[in-house]
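A.B. asks: Sharing entry-v1.cif (mmCIF, C-alpha atoms and all ligand atoms) below.
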```
data_coords
#
loop_
_atom_site.label_atom_id
_atom_site.label_comp_id
_atom_site.auth_asym_id
_atom_site.auth_seq_id
_atom_site.Cartn_x
_atom_site.Cartn_y
_atom_site.Cartn_z
CA MET J 1099 106.97 126.86 131.76
CA LYS J 1100 104.06 128.05 129.69
CA LYS J 1101 102.06 125.28 128.08
CA ASN J 1102 101.11 125.76 124.49
CA ARG J 1103 97.92 124.22 123.23
CA TYR J 1104 97.68 123.19 119.61
CA LYS J 1105 95.06 121.66 117.42
CA ILE J 1106 95.87 118.91 114.92
CA ILE J 1107 93.29 117.83 112.38
CA PHE J 1108 93.05 114.23 111.15
CA THR J 1109 91.19 113.77 107.89
CA GLY J 1110 90.71 111.20 105.15
CA PRO J 1111 88.02 108.92 103.72
CA VAL J 1112 85.73 106.73 105.81
CA GLY J 1113 87.73 103.70 106.95
CA SER J 1114 91.15 105.32 106.52
CA GLY J 1115 91.88 105.00 110.24
CA LYS J 1116 91.16 108.42 111.77
CA THR J 1117 89.26 107.12 114.81
CA THR J 1118 91.78 104.30 115.30
CA ALA J 1119 94.79 106.64 115.00
CA ILE J 1120 93.40 109.11 117.54
CA THR J 1121 92.54 106.22 119.87
CA SER J 1122 96.08 104.81 119.49
CA ILE J 1123 97.83 108.05 120.39
CA SER J 1124 95.48 109.78 122.82
CA ASP J 1125 96.50 110.00 126.49
CA LYS J 1126 92.88 109.81 127.57
CA PRO J 1127 90.18 107.61 126.10
CA PRO J 1128 89.06 109.62 123.09
CA ILE J 1129 85.59 110.88 122.56
CA SER J 1130 83.91 109.67 119.39
CA THR J 1131 80.40 110.45 118.45
CA ASN J 1132 79.01 107.53 116.53
CA GLU J 1133 75.65 106.49 115.23
CA ALA J 1134 74.52 103.53 113.22
CA ALA J 1135 75.22 104.40 109.61
CA SER J 1136 72.05 105.07 107.69
CA ASP J 1137 73.56 105.61 104.25
CA MET J 1138 75.84 103.74 101.85
CA THR J 1139 78.67 103.66 104.35
CA ALA J 1140 76.64 101.03 106.21
CA ILE J 1141 77.87 98.57 103.62
CA ARG J 1142 81.47 99.42 104.50
CA LYS J 1143 81.16 99.70 108.23
CA ALA J 1144 78.31 98.93 110.61
CA GLU J 1145 79.03 101.99 112.69
CA THR J 1146 80.60 105.14 111.38
CA THR J 1147 81.69 108.43 112.82
CA VAL J 1148 79.20 111.15 112.07
CA ALA J 1149 80.35 114.09 114.13
CA MET J 1150 84.01 113.88 115.04
CA ASP J 1151 86.74 112.27 117.09
CA TYR J 1152 88.60 114.09 119.81
CA GLY J 1153 91.72 113.06 121.69
CA ILE J 1154 94.46 114.76 123.68
CA LEU J 1155 98.22 114.23 123.74
CA HIS J 1156 100.67 115.71 126.26
CA LEU J 1157 104.14 116.24 124.80
CA ASP J 1158 107.35 115.93 126.85
CA ASN J 1159 107.95 119.69 126.62
CA GLY J 1160 104.60 120.39 128.30
CA ASP J 1161 102.76 121.33 125.14
CA ILE J 1162 99.32 119.85 124.61
CA LEU J 1163 97.99 118.61 121.29
CA HIS J 1164 94.26 118.47 120.77
CA LEU J 1165 93.49 115.88 118.12
CA TYR J 1166 90.37 116.23 116.00
CA GLY J 1167 89.14 113.73 113.42
CA THR J 1168 86.85 115.00 110.71
CA PRO J 1169 83.68 113.14 109.88
CA GLY J 1170 84.25 111.34 106.60
CA GLN J 1171 80.92 111.51 104.85
CA GLN J 1172 80.54 114.43 102.50
CA ARG J 1173 77.23 115.44 104.02
CA PHE J 1174 79.25 116.65 107.01
CA ASP J 1175 81.83 118.60 105.06
CA PHE J 1176 80.35 121.89 106.24
CA MET J 1177 82.06 121.06 109.53
CA TRP J 1178 85.54 120.75 108.03
CA GLU J 1179 86.14 124.45 107.79
CA ILE J 1180 85.06 124.99 111.38
CA LEU J 1181 87.28 122.17 112.59
CA ALA J 1182 90.26 123.39 110.55
CA GLU J 1183 90.06 126.90 111.98
CA GLY J 1184 93.15 127.62 114.05
CA GLY J 1185 94.70 124.22 113.30
CA LEU J 1186 98.45 123.78 113.67
CA GLY J 1187 98.63 121.21 110.90
CA LEU J 1188 96.88 118.41 109.03
CA VAL J 1189 97.27 114.66 109.14
CA LEU J 1190 95.82 113.17 105.95
CA LEU J 1191 95.15 109.43 106.11
CA ILE J 1192 94.68 107.62 102.80
CA ASP J 1193 93.44 104.03 102.72
CA ASN J 1194 95.43 102.05 100.15
CA ARG J 1195 92.72 99.40 100.10
CA ARG J 1196 90.26 101.74 98.44
CA ASP J 1197 89.56 101.76 94.69
CA LYS J 1198 91.06 105.13 93.81
CA PRO J 1199 93.43 106.27 96.55
CA PHE J 1200 94.93 108.97 94.29
CA GLY J 1201 91.43 110.39 93.77
CA ASP J 1202 91.06 110.54 97.56
CA LEU J 1203 94.46 112.22 97.83
CA ALA J 1204 93.54 114.94 95.33
CA PHE J 1205 90.13 115.45 96.93
CA TYR J 1206 91.42 116.00 100.47
CA LEU J 1207 94.40 118.11 99.41
CA LYS J 1208 91.96 120.41 97.63
CA ALA J 1209 89.41 120.46 100.45
CA PHE J 1210 92.07 121.43 103.01
CA HIS J 1211 94.34 123.50 100.76
CA GLN J 1212 94.01 126.60 102.92
CA LEU J 1213 95.14 124.85 106.11
CA ILE J 1214 97.92 123.10 104.18
CA ASP J 1215 99.14 126.36 102.64
CA GLU J 1216 99.12 128.15 105.98
CA THR J 1217 100.52 125.34 108.13
CA GLY J 1218 101.62 121.92 106.97
CA VAL J 1219 100.50 118.42 106.10
CA VAL J 1220 101.77 114.92 106.63
CA ILE J 1221 100.31 111.98 104.73
CA GLY J 1222 99.84 108.52 106.24
CA VAL J 1223 98.97 105.65 103.93
CA THR J 1224 97.05 102.94 105.80
CA GLY J 1225 96.17 99.41 104.74
CA MET J 1226 99.49 98.82 102.99
CA ASP J 1227 99.70 95.48 104.79
CA ILE J 1228 96.64 94.45 102.75
CA LYS J 1229 97.46 96.26 99.50
CA ALA J 1230 101.05 97.27 98.81
CA THR J 1231 100.45 99.46 95.75
CA PRO J 1232 100.53 102.35 95.06
CA THR J 1233 103.89 102.61 96.84
CA LEU J 1234 105.11 105.57 98.89
CA ALA J 1235 107.24 106.65 95.91
CA ASP J 1236 104.10 106.60 93.75
CA TYR J 1237 102.42 108.85 96.32
CA GLN J 1238 105.31 111.33 96.32
CA ALA J 1239 105.15 111.52 92.51
CA GLU J 1240 101.39 111.96 92.57
CA PHE J 1241 101.62 114.62 95.28
CA ALA J 1242 104.12 116.62 93.20
CA LYS J 1243 101.85 116.29 90.17
CA ILE J 1244 98.79 117.51 92.07
CA MET J 1245 100.72 120.48 93.47
CA ALA J 1246 102.12 121.39 90.07
CA ASN J 1247 98.57 121.55 88.71
CA SER J 1248 97.17 123.49 91.66
CA GLN J 1249 96.73 127.22 91.72
CA ALA J 1250 98.22 127.54 95.20
CA LYS J 1251 101.06 130.02 95.36
CA SER J 1252 102.91 128.46 98.25
CA ALA J 1253 102.12 124.82 97.59
CA PRO J 1254 104.87 122.52 98.86
CA THR J 1255 106.39 120.20 96.25
CA ALA J 1256 107.13 117.44 98.74
CA VAL J 1257 105.72 116.49 102.13
CA PRO J 1258 106.41 113.66 104.58
CA ILE J 1259 104.56 110.53 103.46
CA PHE J 1260 104.57 107.43 105.64
CA GLU J 1261 103.24 103.91 105.65
CA VAL J 1262 101.18 103.77 108.82
CA ASP J 1263 99.01 101.24 110.53
CA ALA J 1264 96.54 103.32 112.50
CA ARG J 1265 96.41 100.60 115.17
CA LYS J 1266 100.10 101.13 115.97
CA LYS J 1267 100.82 103.99 118.34
CA ARG J 1268 104.45 104.16 117.21
CA ASP J 1269 103.45 104.69 113.55
CA ILE J 1270 101.15 107.55 114.48
CA SER J 1271 103.67 109.23 116.78
CA VAL J 1272 106.44 109.10 114.15
CA MET J 1273 104.06 110.74 111.68
CA LEU J 1274 103.03 113.43 114.18
CA GLU J 1275 106.67 114.20 115.01
CA ALA J 1276 107.38 114.69 111.30
CA LEU J 1277 104.45 117.08 111.03
CA LEU J 1278 105.56 119.13 114.05
CA TYR J 1279 109.13 119.18 112.77
CA SER J 1280 108.12 120.30 109.27
CA ILE J 1281 105.98 123.09 110.71
CA SER J 1282 108.68 124.32 113.07
CA THR J 1283 111.33 124.40 110.33
CA ALA J 1284 108.94 126.06 107.88
CA GLU J 1285 108.39 128.86 110.41
CA GLY J 1286 112.05 129.09 111.30
CA ASN J 1287 111.32 128.20 114.91
CA PRO J 1288 113.42 125.78 116.88
CA ALA J 1289 111.76 122.35 116.94
N1 LIG B 1 94.77 96.03 108.02
C1 LIG B 1 94.79 97.29 108.44
N2 LIG B 1 93.70 97.80 109.06
C2 LIG B 1 93.79 99.07 109.47
C3 LIG B 1 94.91 99.89 109.28
N3 LIG B 1 94.66 101.11 109.80
C4 LIG B 1 93.40 101.06 110.29
N4 LIG B 1 92.87 99.83 110.11
C5 LIG B 1 91.51 99.37 110.43
O1 LIG B 1 90.60 100.00 109.52
C6 LIG B 1 89.30 100.10 110.11
C7 LIG B 1 88.74 101.48 109.93
O2 LIG B 1 89.40 102.41 110.77
P1 LIG B 1 88.66 103.66 111.44
O3 LIG B 1 89.62 104.23 112.44
O4 LIG B 1 87.32 103.28 111.93
O5 LIG B 1 88.51 104.63 110.18
P2 LIG B 1 87.83 106.08 110.10
O6 LIG B 1 86.54 105.89 109.37
O7 LIG B 1 88.79 106.91 109.31
O8 LIG B 1 87.67 106.61 111.49
C8 LIG B 1 89.49 99.70 111.58
O9 LIG B 1 89.00 98.39 111.72
C9 LIG B 1 90.99 99.76 111.80
O10 LIG B 1 91.43 98.88 112.79
C10 LIG B 1 96.05 99.32 108.61
O11 LIG B 1 97.10 99.95 108.38
N5 LIG B 1 95.92 98.02 108.22
MG MG B 2 85.91 107.25 112.41
#
```
So, in terms of structure tokens, how does the structure I just supplied come out?

C.D. replies:
Amino acid sequence: MKKNRYKIIFTGPVGSGKTTAITSISDKPPISTNEAASDMTAIRKAETTVAMDYGILHLDNGDILHLYGTPGQQRFDFMWEILAEGGLGLVLLIDNRRDKPFGDLAFYLKAFHQLIDETGVVIGVTGMDIKATPTLADYQAEFAKIMANSQAKSAPTAVPIFEVDARKKRDISVMLEALLYSISTAEGNPA
């Protein structure tokens, strides 16, 4: 059986759980390129990802998923387009503990609108064990609002949105399955 190789992009603000999620789900120890943070993020985290995370996941059907985490800081956003190239879909992690999670949501949906339009997106809200609001229903409503205001022609009105704890492998795999399923149904392919 021919193995298909796909690329999944994980994005979201610093601290939203990208490195943790890829570590939780990867079959091999993931590669992360870290350096001591030299900017404001140092206040948030002593060490932060500056280049990217990479992990690999072998599916039961023989397919292989390559998992890439984007660097969070905006000074690395020139890399996002390169990373997104050829991606099968996007995992957007939003940290509910942050001040303006809806601002983060709008920002990342806009930054990755091309990949989202062409493929698909699933949203994972992390940190809900620490801060329960906004709720998942609030996120769905906000997502619909952002899409209604966007210029995108093929913008989806609803996407899978989950509460996830990036430390829990099961949470991440459920979210990934939903992404793969939504992409396969959108393309009319069998899942
Ligand atoms: N309490 C809690 N902590 C989480 C959750 N998801 C991730 N974390 C923690 O948040 C911190 C930041 O995660 P990290 O993967 O480094 O974020 P990144 O900057 O997006 O790569 C880590 O200490 C994680 O263990 C969650 O759902 N709840
Ligand atoms: Mg990281």

A.B. asks: Just checking: using only C-alpha atoms, which residue out of J:Arg1195, J:Lys1105, J:His1156, J:Lys1126 ends up closest to J:Pro1232?

C.D. replies: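 Ranked by minimum distance to J:Pro1232, first place goes to J:Arg1195.
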
A.B. asks: Using only C-alpha atoms, determine which residues lie at most 8 Å from stretch 1198-1203 of chain J, disregarding the query and same-chain residues fewer than 3 positions distant; provide the list as a ChimeraX atom specification.

C.D. replies: /J:1110-1111,1192-1195,1206-1207,1237,1240-1241

A.B. asks: Within 7 Å of ligand LIG 1 (chain B), counting all atoms listed in the file, which protein or nucleic acid residues do you find, written as number ranges by chain?

C.D. replies: J: 1110-1119, 1146-1147, 1170, 1224-1228, 1262-1265

A.B. asks: Just C-alpha atoms for this one: save the residues we selected as a short mmCIF file (atom, residue, chain, number, x, y, z; two decimals), keeping the file's coordinate frame.

C.D. replies:
```
data_model
loop_
_atom_site.label_atom_id
_atom_site.label_comp_id
_atom_site.auth_asym_id
_atom_site.auth_seq_id
_atom_site.Cartn_x
_atom_site.Cartn_y
_atom_site.Cartn_z
CA GLY J 1110 90.71 111.20 105.15
CA PRO J 1111 88.02 108.92 103.72
CA VAL J 1112 85.73 106.73 105.81
CA GLY J 1113 87.73 103.70 106.95
CA SER J 1114 91.15 105.32 106.52
CA GLY J 1115 91.88 105.00 110.24
CA LYS J 1116 91.16 108.42 111.77
CA THR J 1117 89.26 107.12 114.81
CA THR J 1118 91.78 104.30 115.30
CA ALA J 1119 94.79 106.64 115.00
CA THR J 1146 80.60 105.14 111.38
CA THR J 1147 81.69 108.43 112.82
CA GLY J 1170 84.25 111.34 106.60
CA THR J 1224 97.05 102.94 105.80
CA GLY J 1225 96.17 99.41 104.74
CA MET J 1226 99.49 98.82 102.99
CA ASP J 1227 99.70 95.48 104.79
CA ILE J 1228 96.64 94.45 102.75
CA VAL J 1262 101.18 103.77 108.82
CA ASP J 1263 99.01 101.24 110.53
CA ALA J 1264 96.54 103.32 112.50
CA ARG J 1265 96.41 100.60 115.17
#
```

A.B. asks: Here's a test: counting all atoms listed in the file, identify every protein, DNA and RNA residue with an atom at most 9 Å from (98.0, 118.5, 92.8) in the file's coordinate frame, and state them as a list in words.

C.D. replies: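 Checked against the point, the hits come out as Leu1203, Ala1204, Leu1207, Lys1208, Glu1240, Phe1241, Ala1242, Lys1243, Ile1244, Met1245, Ala1246, Asn1247, Ser1248, Gln1249 and Ala1253 of chain J.
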
A.B. asks: What separation in Å, quoted to one decimal, exists between atom CA of J:Ala1239 and atom CA of J:Phe1108?

C.D. replies: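 Pair atom CA of J:Ala1239 / atom CA of J:Phe1108 returns 22.4 Å.
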
A.B. asks: Figure out the distance between atom CA of J:Ala1276 and atom CA of J:Leu1155, please, to one decimal in Å.

C.D. replies: 15.5 Å

A.B. asks: Counting only C-alpha atoms, which residues come within 9 Å of (101.4, 116.6, 101.7), with the point read in the file's coordinates, and could you list them as a list in words?

C.D. replies: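 Those within range, by chain then number, are Leu1188, Val1189, Leu1190, Leu1207, Ile1214, Gly1218, Val1219, Val1220, Ile1221, Gln1238, Phe1241, Ala1242, Pro1254, Thr1255, Ala1256, Val1257, Pro1258 and Ile1259 of chain J.
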
A.B. asks: For the selection just defined, write its residues with C-alpha atoms to a file, as a short mmCIF file (atom, residue, chain, number, x, y, z; two decimals), in the coordinates of the input.

C.D. replies:
```
data_model
loop_
_atom_site.label_atom_id
_atom_site.label_comp_id
_atom_site.auth_asym_id
_atom_site.auth_seq_id
_atom_site.Cartn_x
_atom_site.Cartn_y
_atom_site.Cartn_z
CA LEU J 1188 96.88 118.41 109.03
CA VAL J 1189 97.27 114.66 109.14
CA LEU J 1190 95.82 113.17 105.95
CA LEU J 1207 94.40 118.11 99.41
CA ILE J 1214 97.92 123.10 104.18
CA GLY J 1218 101.62 121.92 106.97
CA VAL J 1219 100.50 118.42 106.10
CA VAL J 1220 101.77 114.92 106.63
CA ILE J 1221 100.31 111.98 104.73
CA GLN J 1238 105.31 111.33 96.32
CA PHE J 1241 101.62 114.62 95.28
CA ALA J 1242 104.12 116.62 93.20
CA PRO J 1254 104.87 122.52 98.86
CA THR J 1255 106.39 120.20 96.25
CA ALA J 1256 107.13 117.44 98.74
CA VAL J 1257 105.72 116.49 102.13
CA PRO J 1258 106.41 113.66 104.58
CA ILE J 1259 104.56 110.53 103.46
#
```

A.B. asks: State, in Å with one decimal place, the distance from atom CA of J:Tyr1104 to atom CA of J:Ala1182.

C.D. replies: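 Going from atom CA of J:Tyr1104 over to atom CA of J:Ala1182 covers 11.7 Å.
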
A.B. asks: Go through J:Gln1212, J:Thr1109, J:Ser1122, J:Asn1102 and flag the residue nearest ligand MG 2 (chain B), using all atoms listed in the file for the distances.

C.D. replies: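 Going through J:Gln1212, J:Thr1109, J:Ser1122, J:Asn1102 one by one, the smallest distance to ligand MG 2 (chain B) is for J:Thr1109.
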
A.B. asks: Check the smallest atom-to-atom distance from each of J:Leu1278, J:Leu1157, J:Leu1163, J:Gly1184 to J:Glu1216 using only C-alpha atoms, then report the winner.

C.D. replies: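 When distances to J:Glu1216 are compared using only C-alpha atoms, the smallest one comes from J:Gly1184.
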
A.B. asks: Considering all atoms listed in the file, can you say which of J:Ser1124, J:Thr1217, J:Gly1167, J:Phe1210 comes closest to J:Gly1185?

C.D. replies: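 Looking at the shortest contact to J:Gly1185, the residue is J:Thr1217.
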
A.B. asks: Let me make sure I understand: among J:Ile1107, J:Pro1169, J:Lys1100, J:Ile1154, which one has the smallest atom-to-atom distance to ligand MG 2 (chain B) if we use all atoms listed in the file?

C.D. replies: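 Closest to ligand MG 2 (chain B), using all atoms listed in the file: J:Pro1169.
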
A.B. asks: Hey, which of J:Leu1191, J:Ile1106, J:Ala1284, J:Leu1274 ends up closest to ligand MG 2 (chain B)? Count only C-alpha atoms and all ligand atoms.

C.D. replies: J:Leu1191

A.B. asks: Using the file's own x, y and z axes, so that the box edges lie along x, y and z, what centre and edge lengths in Å (one decimal) does a box around every listed atom of stretch 1112-1130 of chain J get when 5 Å is added on each side? Give it as JSON.

C.D. replies:
```
{"center_x": 90.9, "center_y": 107.3, "center_z": 116.7, "size_x": 23.9, "size_y": 17.2, "size_z": 31.8}
```
